[in-house]
file structure.pdb (PDB, C-alpha atoms and all ligand atoms)
ATOM      1  CA  MET A   1       7.175 -71.700  26.330
ATOM      2  CA  ASN A   2       5.373 -71.314  23.020
ATOM      3  CA  ILE A   3       6.487 -74.463  21.128
ATOM      4  CA  GLU A   4       4.887 -73.443  17.846
ATOM      5  CA  PHE A   5       6.633 -70.053  17.846
ATOM      6  CA  GLU A   6       9.936 -71.710  18.697
ATOM      7  CA  ALA A   7       9.589 -74.192  15.809
ATOM      8  CA  TYR A   8       8.713 -71.343  13.462
ATOM      9  CA  CYS A   9      11.857 -69.446  14.524
ATOM     10  CA  ASP A  10      14.057 -72.500  13.941
ATOM     11  CA  LYS A  11      12.625 -72.769  10.435
ATOM     12  CA  TYR A  12      13.118 -69.059   9.870
ATOM     13  CA  LEU A  13      16.843 -69.410  10.561
ATOM     14  CA  VAL A  14      17.184 -72.200   7.979
ATOM     15  CA  GLU A  15      15.362 -70.047   5.415
ATOM     16  CA  TRP A  16      17.510 -67.029   6.269
ATOM     17  CA  GLU A  17      20.651 -69.009   5.525
ATOM     18  CA  LYS A  18      19.247 -70.040   2.154
ATOM     19  CA  ARG A  19      17.574 -66.831   1.026
ATOM     20  CA  ALA A  20      18.662 -63.648   2.842
ATOM     21  CA  THR A  21      20.072 -61.185   0.307
ATOM     22  CA  VAL A  22      23.053 -60.444   2.548
ATOM     23  CA  ARG A  23      23.942 -64.155   2.488
ATOM     24  CA  THR A  24      23.159 -65.054  -1.092
ATOM     25  CA  LYS A  25      23.151 -62.235  -3.633
ATOM     26  CA  PRO A  26      25.574 -59.671  -4.970
ATOM     27  CA  ARG A  27      23.826 -56.309  -4.687
ATOM     28  CA  THR A  28      22.705 -54.179  -7.615
ATOM     29  CA  ARG A  29      24.555 -50.882  -8.021
ATOM     30  CA  LEU A  30      23.343 -47.643  -9.564
ATOM     31  CA  THR A  31      25.135 -46.490 -12.704
ATOM     32  CA  GLU A  32      25.591 -43.181 -14.463
ATOM     33  CA  SER A  33      22.393 -43.766 -16.459
ATOM     34  CA  ILE A  34      20.453 -42.277 -13.529
ATOM     35  CA  LYS A  35      21.527 -38.893 -14.889
ATOM     36  CA  THR A  36      18.924 -39.254 -17.618
ATOM     37  CA  GLU A  37      16.468 -42.006 -16.677
ATOM     38  CA  ASN A  38      13.424 -41.680 -14.443
ATOM     39  CA  MET A  39      14.511 -43.215 -11.146
ATOM     40  CA  PHE A  40      11.451 -43.126  -8.963
ATOM     41  CA  VAL A  41       8.145 -41.709 -10.199
ATOM     42  CA  PHE A  42       5.871 -43.881  -8.070
ATOM     43  CA  PRO A  43       4.601 -40.909  -5.970
ATOM     44  CA  LEU A  44       3.349 -39.270  -9.194
ATOM     45  CA  LYS A  45       1.270 -42.232 -10.288
ATOM     46  CA  PRO A  46      -2.119 -40.942  -9.025
ATOM     47  CA  PHE A  47      -1.859 -37.835 -11.240
ATOM     48  CA  ALA A  48      -1.278 -39.655 -14.537
ATOM     49  CA  GLY A  49      -3.677 -38.444 -17.216
ATOM     50  CA  HIS A  50      -4.394 -35.067 -15.601
ATOM     51  CA  GLU A  51      -3.999 -32.329 -18.208
ATOM     52  CA  ARG A  52      -1.939 -29.972 -16.048
ATOM     53  CA  PHE A  53       0.278 -32.792 -14.791
ATOM     54  CA  GLU A  54       0.879 -34.158 -18.279
ATOM     55  CA  ALA A  55       2.046 -30.674 -19.322
ATOM     56  CA  VAL A  56       4.953 -30.768 -16.856
ATOM     57  CA  ASP A  57       8.355 -30.687 -18.527
ATOM     58  CA  LYS A  58      10.028 -34.136 -18.823
ATOM     59  CA  GLN A  59      13.254 -32.728 -17.390
ATOM     60  CA  GLN A  60      11.334 -31.592 -14.307
ATOM     61  CA  ILE A  61       9.886 -35.093 -13.864
ATOM     62  CA  GLN A  62      13.329 -36.670 -14.191
ATOM     63  CA  GLU A  63      14.801 -34.347 -11.562
ATOM     64  CA  PHE A  64      11.858 -35.059  -9.281
ATOM     65  CA  SER A  65      12.420 -38.786  -9.755
ATOM     66  CA  VAL A  66      16.038 -38.534  -8.577
ATOM     67  CA  ARG A  67      15.113 -36.395  -5.559
ATOM     68  CA  ALA A  68      12.269 -38.801  -4.705
ATOM     69  CA  ALA A  69      14.697 -41.745  -4.922
ATOM     70  CA  CYS A  70      17.091 -39.886  -2.655
ATOM     71  CA  ASN A  71      14.416 -39.244  -0.062
ATOM     72  CA  MET A  72      13.257 -42.824  -0.247
ATOM     73  CA  PHE A  73      16.791 -44.159   0.379
ATOM     74  CA  LEU A  74      17.280 -41.730   3.257
ATOM     75  CA  GLY A  75      13.980 -42.889   4.751
ATOM     76  CA  VAL A  76      15.014 -46.544   4.428
ATOM     77  CA  SER A  77      18.416 -45.910   5.942
ATOM     78  CA  SER A  78      17.192 -44.019   8.989
ATOM     79  CA  PHE A  79      14.222 -46.323   9.605
ATOM     80  CA  GLU A  80      16.435 -49.418   9.523
ATOM     81  CA  VAL A  81      19.280 -48.033  11.618
ATOM     82  CA  ASP A  82      17.543 -45.754  14.089
ATOM     83  CA  PHE A  83      14.498 -47.855  14.732
ATOM     84  CA  VAL A  84      14.373 -51.450  13.474
ATOM     85  CA  THR A  85      17.945 -52.495  14.236
ATOM     86  CA  ALA A  86      17.825 -50.774  17.623
ATOM     87  CA  GLN A  87      14.653 -52.686  18.467
ATOM     88  CA  CYS A  88      16.066 -55.983  17.176
ATOM     89  CA  SER A  89      19.062 -55.472  19.479
ATOM     90  CA  LYS A  90      16.691 -55.047  22.383
ATOM     91  CA  LEU A  91      14.792 -58.229  21.475
ATOM     92  CA  ALA A  92      18.053 -60.169  21.258
ATOM     93  CA  GLY A  93      19.729 -58.565  24.271
ATOM     94  CA  ALA A  94      18.066 -56.842  27.221
ATOM     95  CA  GLY A  95      14.669 -58.231  26.241
ATOM     96  CA  ILE A  96      11.209 -56.708  26.351
ATOM     97  CA  GLY A  97      10.017 -58.068  29.683
ATOM     98  CA  ILE A  98       8.311 -61.025  28.009
ATOM     99  CA  GLU A  99      10.003 -64.391  27.794
ATOM    100  CA  LEU A 100      11.221 -65.219  24.271
ATOM    101  CA  PRO A 101      12.646 -68.504  22.956
ATOM    102  CA  ASP A 102      16.399 -68.421  22.251
ATOM    103  CA  SER A 103      15.679 -69.082  18.582
ATOM    104  CA  ALA A 104      13.499 -65.918  18.466
ATOM    105  CA  LYS A 105      16.449 -63.935  19.809
ATOM    106  CA  ARG A 106      18.632 -65.375  17.049
ATOM    107  CA  VAL A 107      16.002 -64.390  14.478
ATOM    108  CA  ALA A 108      16.100 -60.856  15.895
ATOM    109  CA  VAL A 109      19.879 -60.808  15.305
ATOM    110  CA  ALA A 110      19.393 -62.192  11.771
ATOM    111  CA  ILE A 111      16.791 -59.508  11.011
ATOM    112  CA  GLY A 112      19.030 -56.819  12.490
ATOM    113  CA  THR A 113      21.780 -58.071  10.170
ATOM    114  CA  ASP A 114      19.429 -57.791   7.168
ATOM    115  CA  GLU A 115      18.408 -54.283   8.200
ATOM    116  CA  MET A 116      21.953 -53.017   8.645
ATOM    117  CA  TYR A 117      22.683 -54.415   5.194
ATOM    118  CA  HIS A 118      19.616 -52.641   3.749
ATOM    119  CA  ALA A 119      20.826 -49.408   5.329
ATOM    120  CA  PHE A 120      24.291 -50.028   3.876
ATOM    121  CA  VAL A 121      22.810 -50.470   0.385
ATOM    122  CA  ALA A 122      20.629 -47.356   0.801
ATOM    123  CA  ASN A 123      23.619 -45.289   1.950
ATOM    124  CA  GLU A 124      25.675 -46.544  -0.968
ATOM    125  CA  CYS A 125      22.864 -45.526  -3.356
ATOM    126  CA  LEU A 126      22.756 -42.070  -1.751
ATOM    127  CA  ALA A 127      26.496 -41.705  -2.287
ATOM    128  CA  ASP A 128      26.158 -42.825  -5.931
ATOM    129  CA  ILE A 129      23.278 -40.414  -6.588
ATOM    130  CA  LYS A 130      25.326 -37.573  -5.121
ATOM    131  CA  ARG A 131      28.351 -38.562  -7.196
ATOM    132  CA  PHE A 132      26.430 -38.844 -10.488
ATOM    133  CA  THR A 133      23.892 -36.031 -10.109
ATOM    134  CA  GLY A 134      24.936 -33.839  -7.185
ATOM    135  CA  ILE A 135      21.511 -34.351  -5.630
ATOM    136  CA  VAL A 136      21.239 -34.971  -1.881
ATOM    137  CA  PRO A 137      18.104 -35.789   0.142
ATOM    138  CA  VAL A 138      15.962 -33.025   1.608
ATOM    139  CA  VAL A 139      13.772 -33.248   4.644
ATOM    140  CA  GLN A 140      10.156 -33.061   3.519
ATOM    141  CA  ASP A 141       7.794 -30.482   5.002
ATOM    142  CA  ALA A 142       4.211 -31.709   5.217
ATOM    143  CA  GLY A 143       2.906 -34.966   3.853
ATOM    144  CA  GLY A 144       0.829 -38.081   3.852
ATOM    145  CA  PRO A 145       0.146 -40.744   6.421
ATOM    146  CA  ALA A 146       3.787 -41.739   6.753
ATOM    147  CA  ASP A 147       4.663 -38.200   7.787
ATOM    148  CA  PHE A 148       4.212 -37.551  11.470
ATOM    149  CA  ASN A 149       5.157 -33.870  11.534
ATOM    150  CA  ALA A 150       1.708 -32.650  12.374
ATOM    151  CA  ARG A 151       1.133 -35.241  15.061
ATOM    152  CA  LYS A 152       3.017 -36.662  17.978
ATOM    153  CA  PRO A 153       5.426 -39.427  16.941
ATOM    154  CA  PRO A 154       3.690 -42.829  17.033
ATOM    155  CA  LEU A 155       6.148 -44.148  19.607
ATOM    156  CA  GLU A 156       4.996 -41.425  22.002
ATOM    157  CA  HIS A 157       1.430 -42.434  21.287
ATOM    158  CA  PHE A 158       2.048 -46.034  22.370
ATOM    159  CA  LYS A 159       4.204 -45.062  25.362
ATOM    160  CA  GLN A 160       1.596 -42.637  26.690
ATOM    161  CA  ALA A 161      -1.238 -45.077  26.065
ATOM    162  CA  LEU A 162       0.485 -47.982  27.852
ATOM    163  CA  GLY A 163       1.891 -45.939  30.729
ATOM    164  CA  PRO A 164       5.119 -46.182  32.738
ATOM    165  CA  GLY A 165       6.805 -49.577  32.935
ATOM    166  CA  ASN A 166       5.524 -50.664  29.521
ATOM    167  CA  GLU A 167       7.979 -48.781  27.298
ATOM    168  CA  ALA A 168       9.437 -51.946  25.761
ATOM    169  CA  LEU A 169       5.953 -53.227  24.945
ATOM    170  CA  ALA A 170       5.150 -49.877  23.303
ATOM    171  CA  GLU A 171       8.280 -50.097  21.178
ATOM    172  CA  VAL A 172       7.829 -53.685  20.076
ATOM    173  CA  THR A 173       4.161 -53.100  19.212
ATOM    174  CA  LEU A 174       5.101 -50.208  16.954
ATOM    175  CA  LEU A 175       7.896 -52.302  15.472
ATOM    176  CA  CYS A 176       5.407 -55.047  14.538
ATOM    177  CA  PHE A 177       3.052 -52.514  12.917
ATOM    178  CA  LEU A 178       5.753 -50.659  11.004
ATOM    179  CA  GLU A 179       7.527 -53.766   9.736
ATOM    180  CA  ASN A 180       4.191 -54.885   8.323
ATOM    181  CA  ASN A 181       3.321 -51.531   6.740
ATOM    182  CA  PHE A 182       6.769 -50.712   5.426
ATOM    183  CA  THR A 183       6.904 -54.036   3.599
ATOM    184  CA  GLU A 184       3.541 -53.382   2.024
ATOM    185  CA  GLU A 185       4.695 -49.960   0.886
ATOM    186  CA  LEU A 186       7.829 -51.382  -0.708
ATOM    187  CA  TYR A 187       5.884 -54.240  -2.209
ATOM    188  CA  GLY A 188       3.327 -51.826  -3.707
ATOM    189  CA  ILE A 189       6.160 -49.879  -5.303
ATOM    190  CA  ALA A 190       7.874 -52.989  -6.680
ATOM    191  CA  LYS A 191       4.592 -54.431  -7.950
ATOM    192  CA  GLY A 192       3.392 -51.225  -9.628
ATOM    193  CA  GLN A 193       6.518 -50.982 -11.739
ATOM    194  CA  THR A 194       6.348 -52.144 -15.310
ATOM    195  CA  ALA A 195       9.547 -50.719 -16.831
ATOM    196  CA  GLU A 196      12.709 -52.191 -15.317
ATOM    197  CA  SER A 197      15.089 -49.779 -13.622
ATOM    198  CA  GLN A 198      18.065 -50.183 -11.298
ATOM    199  CA  MET A 199      16.143 -48.470  -8.519
ATOM    200  CA  HIS A 200      13.305 -50.980  -8.722
ATOM    201  CA  THR A 201      15.669 -53.930  -8.825
ATOM    202  CA  ILE A 202      17.191 -52.611  -5.592
ATOM    203  CA  ILE A 203      13.740 -52.212  -4.019
ATOM    204  CA  ARG A 204      12.785 -55.737  -5.084
ATOM    205  CA  GLU A 205      15.922 -57.150  -3.493
ATOM    206  CA  HIS A 206      14.939 -55.400  -0.267
ATOM    207  CA  VAL A 207      11.339 -56.664  -0.435
ATOM    208  CA  MET A 208      12.538 -60.267  -0.613
ATOM    209  CA  ASP A 209      13.902 -59.953   2.923
ATOM    210  CA  GLU A 210      11.031 -57.876   4.230
ATOM    211  CA  GLY A 211       8.450 -60.496   3.289
ATOM    212  CA  ARG A 212      10.136 -62.826   5.795
ATOM    213  CA  HIS A 213      10.435 -60.115   8.449
ATOM    214  CA  MET A 214       6.768 -59.317   8.172
ATOM    215  CA  VAL A 215       5.708 -62.850   9.045
ATOM    216  CA  PHE A 216       8.147 -63.015  11.981
ATOM    217  CA  PHE A 217       6.688 -59.842  13.477
ATOM    218  CA  GLN A 218       3.171 -61.217  13.061
ATOM    219  CA  ARG A 219       4.211 -64.330  14.991
ATOM    220  CA  LEU A 220       6.055 -62.249  17.567
ATOM    221  CA  LEU A 221       3.011 -60.070  18.207
ATOM    222  CA  GLY A 222       0.919 -63.235  18.561
ATOM    223  CA  HIS A 223       3.392 -64.571  21.130
ATOM    224  CA  ILE A 224       3.403 -61.277  23.036
ATOM    225  CA  TRP A 225      -0.381 -60.900  22.934
ATOM    226  CA  ALA A 226      -0.859 -64.402  24.312
ATOM    227  CA  SER A 227       1.493 -63.584  27.227
ATOM    228  CA  LEU A 228      -0.348 -60.445  28.411
ATOM    229  CA  THR A 229      -2.813 -60.059  31.265
ATOM    230  CA  GLU A 230      -6.383 -59.268  30.267
ATOM    231  CA  GLU A 231      -6.010 -55.756  31.668
ATOM    232  CA  LEU A 232      -2.965 -55.056  29.515
ATOM    233  CA  ARG A 233      -4.651 -56.591  26.467
ATOM    234  CA  CYS A 234      -7.516 -54.130  26.825
ATOM    235  CA  THR A 235      -5.088 -51.193  27.090
ATOM    236  CA  LEU A 236      -2.857 -52.383  24.251
ATOM    237  CA  GLY A 237      -5.844 -53.229  22.036
ATOM    238  CA  LYS A 238      -7.273 -49.735  22.503
ATOM    239  CA  SER A 239      -3.898 -48.144  21.784
ATOM    240  CA  MET A 240      -3.721 -50.109  18.519
ATOM    241  CA  VAL A 241      -7.153 -48.919  17.403
ATOM    242  CA  ASP A 242      -6.216 -45.342  18.311
ATOM    243  CA  PHE A 243      -2.957 -45.768  16.355
ATOM    244  CA  CYS A 244      -4.982 -46.723  13.275
ATOM    245  CA  ASP A 245      -7.325 -43.767  13.809
ATOM    246  CA  ILE A 246      -4.553 -41.213  14.249
ATOM    247  CA  TYR A 247      -1.985 -42.376  11.695
ATOM    248  CA  LEU A 248      -3.729 -44.505   9.096
ATOM    249  CA  THR A 249      -6.930 -42.610   8.303
ATOM    250  CA  LEU A 250      -6.764 -41.471   4.692
ATOM    251  CA  ASP A 251      -9.361 -38.716   4.892
ATOM    252  CA  GLU A 252      -9.641 -35.865   2.434
ATOM    253  CA  GLN A 253      -7.334 -33.571   4.399
ATOM    254  CA  THR A 254      -4.573 -36.194   4.688
ATOM    255  CA  VAL A 255      -4.739 -37.241   1.040
ATOM    256  CA  MET A 256      -4.885 -33.611  -0.095
ATOM    257  CA  GLY A 257      -1.858 -32.777   2.087
ATOM    258  CA  GLY A 258       0.134 -35.699   0.697
ATOM    259  CA  TYR A 259      -0.728 -34.931  -2.922
ATOM    260  CA  THR A 260      -0.023 -31.206  -2.762
ATOM    261  CA  SER A 261       3.301 -31.706  -1.013
ATOM    262  CA  THR A 262       4.350 -34.141  -3.769
ATOM    263  CA  LEU A 263       3.164 -31.824  -6.532
ATOM    264  CA  ARG A 264       4.908 -28.824  -4.985
ATOM    265  CA  GLN A 265       8.208 -30.655  -5.468
ATOM    266  CA  LEU A 266       7.606 -30.464  -9.215
ATOM    267  CA  GLY A 267       7.814 -26.684  -8.981
ATOM    268  CA  LEU A 268       4.130 -26.227  -9.855
ATOM    269  CA  SER A 269       2.177 -23.159  -8.737
ATOM    270  CA  ASP A 270      -0.062 -23.463  -5.670
ATOM    271  CA  GLU A 271      -3.097 -23.202  -7.916
ATOM    272  CA  ASP A 272      -1.922 -26.065 -10.153
ATOM    273  CA  CYS A 273      -1.074 -28.226  -7.131
ATOM    274  CA  ILE A 274      -4.488 -27.730  -5.574
ATOM    275  CA  THR A 275      -6.347 -28.241  -8.856
ATOM    276  CA  ILE A 276      -4.522 -31.475  -9.738
ATOM    277  CA  ALA A 277      -4.837 -32.828  -6.186
ATOM    278  CA  ARG A 278      -8.529 -31.975  -5.912
ATOM    279  CA  ASP A 279      -9.359 -33.410  -9.357
ATOM    280  CA  THR A 280      -7.454 -36.619  -8.524
ATOM    281  CA  ILE A 281      -9.410 -37.074  -5.283
ATOM    282  CA  LEU A 282     -12.673 -36.423  -7.129
ATOM    283  CA  LYS A 283     -11.750 -38.899  -9.852
ATOM    284  CA  ASP A 284     -10.619 -41.683  -7.508
ATOM    285  CA  GLY A 285     -13.120 -40.952  -4.716
ATOM    286  CA  LEU A 286     -12.447 -41.453  -1.013
ATOM    287  CA  LEU A 287     -12.707 -44.923   0.452
ATOM    288  CA  SER A 288     -14.530 -45.977   3.587
ATOM    289  CA  LYS A 289     -12.254 -46.818   6.523
ATOM    290  CA  SER A 290     -12.611 -50.579   6.119
ATOM    291  CA  ASP A 291     -11.447 -50.302   2.490
ATOM    292  CA  MET A 292      -8.513 -47.922   2.966
ATOM    293  CA  PRO A 293      -5.262 -49.477   1.700
ATOM    294  CA  SER A 294      -3.490 -48.248   4.848
ATOM    295  CA  ILE A 295      -5.521 -50.620   7.062
ATOM    296  CA  VAL A 296      -5.068 -53.813   5.030
ATOM    297  CA  ASN A 297      -1.802 -54.903   6.627
ATOM    298  CA  PRO A 298      -2.473 -53.698  10.189
ATOM    299  CA  LYS A 299      -5.788 -55.554  10.077
ATOM    300  CA  HIS A 300      -4.065 -58.695   8.851
ATOM    301  CA  LEU A 301      -1.406 -58.342  11.553
ATOM    302  CA  MET A 302      -4.064 -57.950  14.263
ATOM    303  CA  LYS A 303      -5.989 -60.887  12.875
ATOM    304  CA  VAL A 304      -3.133 -63.391  12.706
ATOM    305  CA  ALA A 305      -1.726 -62.258  16.069
ATOM    306  CA  GLY A 306      -5.085 -63.054  17.679
ATOM    307  CA  VAL A 307      -5.825 -59.412  18.565
ATOM    308  CA  LEU A 308      -9.089 -59.339  16.621
ATOM    309  CA  GLU A 309     -10.334 -62.377  18.530
ATOM    310  CA  HIS A 310     -10.271 -60.204  21.638
ATOM    311  CA  GLN A 311     -13.851 -58.972  21.990
ATOM    312  CA  PRO A 312     -13.173 -55.517  23.535
ATOM    313  CA  THR A 313     -10.568 -54.687  20.844
ATOM    314  CA  ARG A 314     -12.748 -56.052  18.064
ATOM    315  CA  ASP A 315     -15.657 -53.936  19.302
ATOM    316  CA  LEU A 316     -13.455 -50.833  19.141
ATOM    317  CA  MET A 317     -12.355 -51.687  15.584
ATOM    318  CA  LEU A 318     -16.010 -52.123  14.622
ATOM    319  CA  ALA A 319     -17.111 -48.901  16.324
ATOM    320  CA  SER A 320     -14.369 -46.979  14.544
ATOM    321  CA  GLY A 321     -15.357 -48.413  11.166
ATOM    322  CA  TRP A 322     -12.095 -50.238  10.452
ATOM    323  CA  ILE A 323     -13.894 -53.550  10.243
ATOM    324  CA  THR A 324     -17.420 -54.344   9.251
ATOM    325  CA  ASP A 325     -19.598 -56.974  10.971
ATOM    326  CA  GLU A 326     -18.846 -59.430   8.244
ATOM    327  CA  ALA A 327     -15.085 -58.982   8.471
ATOM    328  CA  ALA A 328     -15.275 -59.332  12.248
ATOM    329  CA  VAL A 329     -16.983 -62.695  11.898
ATOM    330  CA  ALA A 330     -14.442 -63.812   9.311
ATOM    331  CA  ALA A 331     -11.655 -62.771  11.681
TER
HETATM  332 FE    FE B   1      14.761 -53.646   5.638
HETATM  333 FE    FE B   2      12.511 -55.414   7.999
END
call {"tool": "encode", "arguments": {"input": "structure.pdb", "output": "structure tokens"}}
result
Amino acid sequence: MNIEFEAYCDKYLVEWEKRATVRTKPRTRLTESIKTENMFVFPLKPFAGHERFEAVDKQQIQEFSVRAACNMFLGVSSFEVDFVTAQCSKLAGAGIGIELPDSAKRVAVAIGTDEMYHAFVANECLADIKRFTGIVPVVQDAGGPADFNARKPPLEHFKQALGPGNEALAEVTLLCFLENNFTEELYGIAKGQTAESQMHTIIREHVMDEGRHMVFFQRLLGHIWASLTEELRCTLGKSMVDFCDIYLTLDEQTVMGGYTSTLRQLGLSDEDCITIARDTILKDGLLSKSDMPSIVNPKHLMKVAGVLEHQPTRDLMLASGWITDEAAVAA
């Protein structure tokens, strides 16, 4: 048994008791002021300063901000309930075919508890938004890297790559990646906010728990990786690199798709959407793969879990451009 992982889990449980929002803090509630204030304008941030964007009516922006908040809460709620909590139950109950310390199973229950609470808060916010504004979430059409409409769902990717008999490994691998990325997304939103709003207070309360989750899933992946046969490590490592290639590459087409779908929600004409999106890409430039913000957390996860120490996987990351020689040495 992995003594270090077990000790970490014991410590996690002490921290959870002291700091988990469900244990320690009364939650923030939305108030009627959301009828007039900007709730969530984070997705519009890249377009700030563009002439055609700045000309958009303030009322339009405010309505967008409420709809964007709605969609964000719906995303949180379904991600937590349908995926994370379901996976935590598996870790704590039937297992994933890899031996886990009892304390790790208790952490999985603690995290599942946090996630159900986050979903509860998100659902409550959705009900409040509906009550105050009449706005309900809509399912988005196309979108950025978090939108899998155009591609097969990432869980299918891992299941197909790992083959029959490894379904639980596929699920837990995706769980580790998503818990790391989701936290970063929330953290980016909380960090980028200067003016205080109820919405951002609620996001910050969520992030406080997710920071702890993120580290647990890094440790868990490290524990799993160390338990695998070399053959399975090669297969899993390749599936991780392919995951990054398929879902995390922020090329021109992906960024353009994400931007235009956001701008369309402002009721702008197709021509305005395309012009603003194209000008924003030109202004900001496109990053090389190793510098894309979408790879920062997955790379860190793979590094601390020991995946990047695995030569065949590291070679694939290098060949794909996700890491440079220098970074590989540092890893
Ligand atoms: Fe959460
Ligand atoms: Fe989480």
call {"tool": "residues_near_ligand", "arguments": {"input": "structure.pdb", "ligand": "ligand FE 1 (chain B)", "cutoff": "10 Å", "atoms": "all atoms listed in the file", "output": "PyMOL selection string"}}
result
chain A and resi 76-77+79-81+84-85+111-119+122+179+182-183+186+203+205-211+213
call {"tool": "residues_around", "arguments": {"input": "structure.pdb", "residues": "A:Phe47", "least_positions_apart": "3", "cutoff": "10 Å", "atoms": "all atoms listed in the file", "output": "PDB file with C-alpha atoms, in the frame of the given file"}}
result
ATOM      1  CA  PRO A  43       4.601 -40.909  -5.970  1.00  0.00           C
ATOM      2  CA  LEU A  44       3.349 -39.270  -9.194  1.00  0.00           C
ATOM      3  CA  HIS A  50      -4.394 -35.067 -15.601  1.00  0.00           C
ATOM      4  CA  GLU A  51      -3.999 -32.329 -18.208  1.00  0.00           C
ATOM      5  CA  ARG A  52      -1.939 -29.972 -16.048  1.00  0.00           C
ATOM      6  CA  PHE A  53       0.278 -32.792 -14.791  1.00  0.00           C
ATOM      7  CA  GLU A  54       0.879 -34.158 -18.279  1.00  0.00           C
ATOM      8  CA  TYR A 259      -0.728 -34.931  -2.922  1.00  0.00           C
ATOM      9  CA  LEU A 263       3.164 -31.824  -6.532  1.00  0.00           C
ATOM     10  CA  ILE A 276      -4.522 -31.475  -9.738  1.00  0.00           C
ATOM     11  CA  ALA A 277      -4.837 -32.828  -6.186  1.00  0.00           C
ATOM     12  CA  ASP A 279      -9.359 -33.410  -9.357  1.00  0.00           C
ATOM     13  CA  THR A 280      -7.454 -36.619  -8.524  1.00  0.00           C
ATOM     14  CA  ILE A 281      -9.410 -37.074  -5.283  1.00  0.00           C
TER      15      ILE A 281
END
call {"tool": "residues_around", "arguments": {"input": "structure.pdb", "residues": "A:Lys90", "least_positions_apart": "4", "cutoff": "10 Å", "atoms": "only C-alpha atoms", "output": "MDAnalysis selection string"}}
result
chainID A and resid 84:86 94:96 105 108:109 168 171:172
call {"tool": "resolve_selection", "arguments": {"input": "structure.pdb", "expression": "the PyMOL selection byres (((chain A and resi 36-39) around 7) and not hetatm)", "output": "mmCIF file with C-alpha atoms, keeping the file's coordinate frame"}}
result
data_model
loop_
_atom_site.group_PDB
_atom_site.id
_atom_site.type_symbol
_atom_site.label_atom_id
_atom_site.label_comp_id
_atom_site.auth_asym_id
_atom_site.auth_seq_id
_atom_site.Cartn_x
_atom_site.Cartn_y
_atom_site.Cartn_z
ATOM 1 C CA SER A 33 22.393 -43.766 -16.459
ATOM 2 C CA ILE A 34 20.453 -42.277 -13.529
ATOM 3 C CA LYS A 35 21.527 -38.893 -14.889
ATOM 4 C CA PHE A 40 11.451 -43.126 -8.963
ATOM 5 C CA VAL A 41 8.145 -41.709 -10.199
ATOM 6 C CA GLN A 62 13.329 -36.670 -14.191
ATOM 7 C CA SER A 65 12.420 -38.786 -9.755
ATOM 8 C CA VAL A 66 16.038 -38.534 -8.577
ATOM 9 C CA ALA A 69 14.697 -41.745 -4.922
ATOM 10 C CA MET A 199 16.143 -48.470 -8.519
#
call {"tool": "atom_distance", "arguments": {"input": "structure.pdb", "atom1": "atom CA of A:Arg204", "atom2": "atom CA of A:Thr21"}}
result
10.6 Å
call {"tool": "resolve_selection", "arguments": {"input": "structure.pdb", "expression": "the PyMOL selection byres (((chain A and resi 3) around 12) and not hetatm)", "output": "JSON list (two decimals) with C-alpha atoms, keeping the file's coordinate frame"}}
result
[["chain", "number", "residue", "atom", "x", "y", "z"],
["A", 1, "MET", "CA", 7.18, -71.70, 26.33],
["A", 2, "ASN", "CA", 5.37, -71.31, 23.02],
["A", 4, "GLU", "CA", 4.89, -73.44, 17.85],
["A", 5, "PHE", "CA", 6.63, -70.05, 17.85],
["A", 6, "GLU", "CA", 9.94, -71.71, 18.70],
["A", 7, "ALA", "CA", 9.59, -74.19, 15.81],
["A", 8, "TYR", "CA", 8.71, -71.34, 13.46],
["A", 9, "CYS", "CA", 11.86, -69.45, 14.52],
["A", 10, "ASP", "CA", 14.06, -72.50, 13.94],
["A", 100, "LEU", "CA", 11.22, -65.22, 24.27],
["A", 101, "PRO", "CA", 12.65, -68.50, 22.96],
["A", 102, "ASP", "CA", 16.40, -68.42, 22.25],
["A", 103, "SER", "CA", 15.68, -69.08, 18.58],
["A", 104, "ALA", "CA", 13.50, -65.92, 18.47],
["A", 223, "HIS", "CA", 3.39, -64.57, 21.13]]
call {"tool": "atom_distance", "arguments": {"input": "structure.pdb", "atom1": "atom CA of A:Leu286", "atom2": "atom CA of A:Pro312"}}
result
28.3 Å
call {"tool": "resolve_selection", "arguments": {"input": "structure.pdb", "expression": "the PyMOL selection byres (((chain A and resi 137) around 9) and not hetatm)", "output": "list in words"}}
result
Arg67, Ala68, Ala69, Cys70, Asn71, Met72, Phe73, Leu74, Leu126, Ile135, Val136, Val138 and Val139 of chain A
call {"tool": "write_last_selection", "arguments": {"input": "structure.pdb", "atoms": "C-alpha atoms", "output": "CSV table (one decimal), in the frame of the given file"}}
result
chain,number,residue,atom,x,y,z
A,67,ARG,CA,15.1,-36.4,-5.6
A,68,ALA,CA,12.3,-38.8,-4.7
A,69,ALA,CA,14.7,-41.7,-4.9
A,70,CYS,CA,17.1,-39.9,-2.7
A,71,ASN,CA,14.4,-39.2,-0.1
A,72,MET,CA,13.3,-42.8,-0.2
A,73,PHE,CA,16.8,-44.2,0.4
A,74,LEU,CA,17.3,-41.7,3.3
A,126,LEU,CA,22.8,-42.1,-1.8
A,135,ILE,CA,21.5,-34.4,-5.6
A,136,VAL,CA,21.2,-35.0,-1.9
A,138,VAL,CA,16.0,-33.0,1.6
A,139,VAL,CA,13.8,-33.2,4.6
call {"tool": "residues_around", "arguments": {"input": "structure.pdb", "residues": "A:Phe132", "least_positions_apart": "3", "cutoff": "7 Å", "atoms": "all atoms listed in the file", "output": "ChimeraX atom specification"}}
result
/A:32,35,128-129
call {"tool": "closest_residue", "arguments": {"input": "structure.pdb", "among": "A:Leu174, A:Met302, A:Ile246, A:Cys273", "to": "A:Lys159", "atoms": "all atoms listed in the file"}}
result
A:Leu174
call {"tool": "atom_distance", "arguments": {"input": "structure.pdb", "atom1": "atom CA of A:Val215", "atom2": "atom CA of A:Leu301"}}
result
8.8 Å
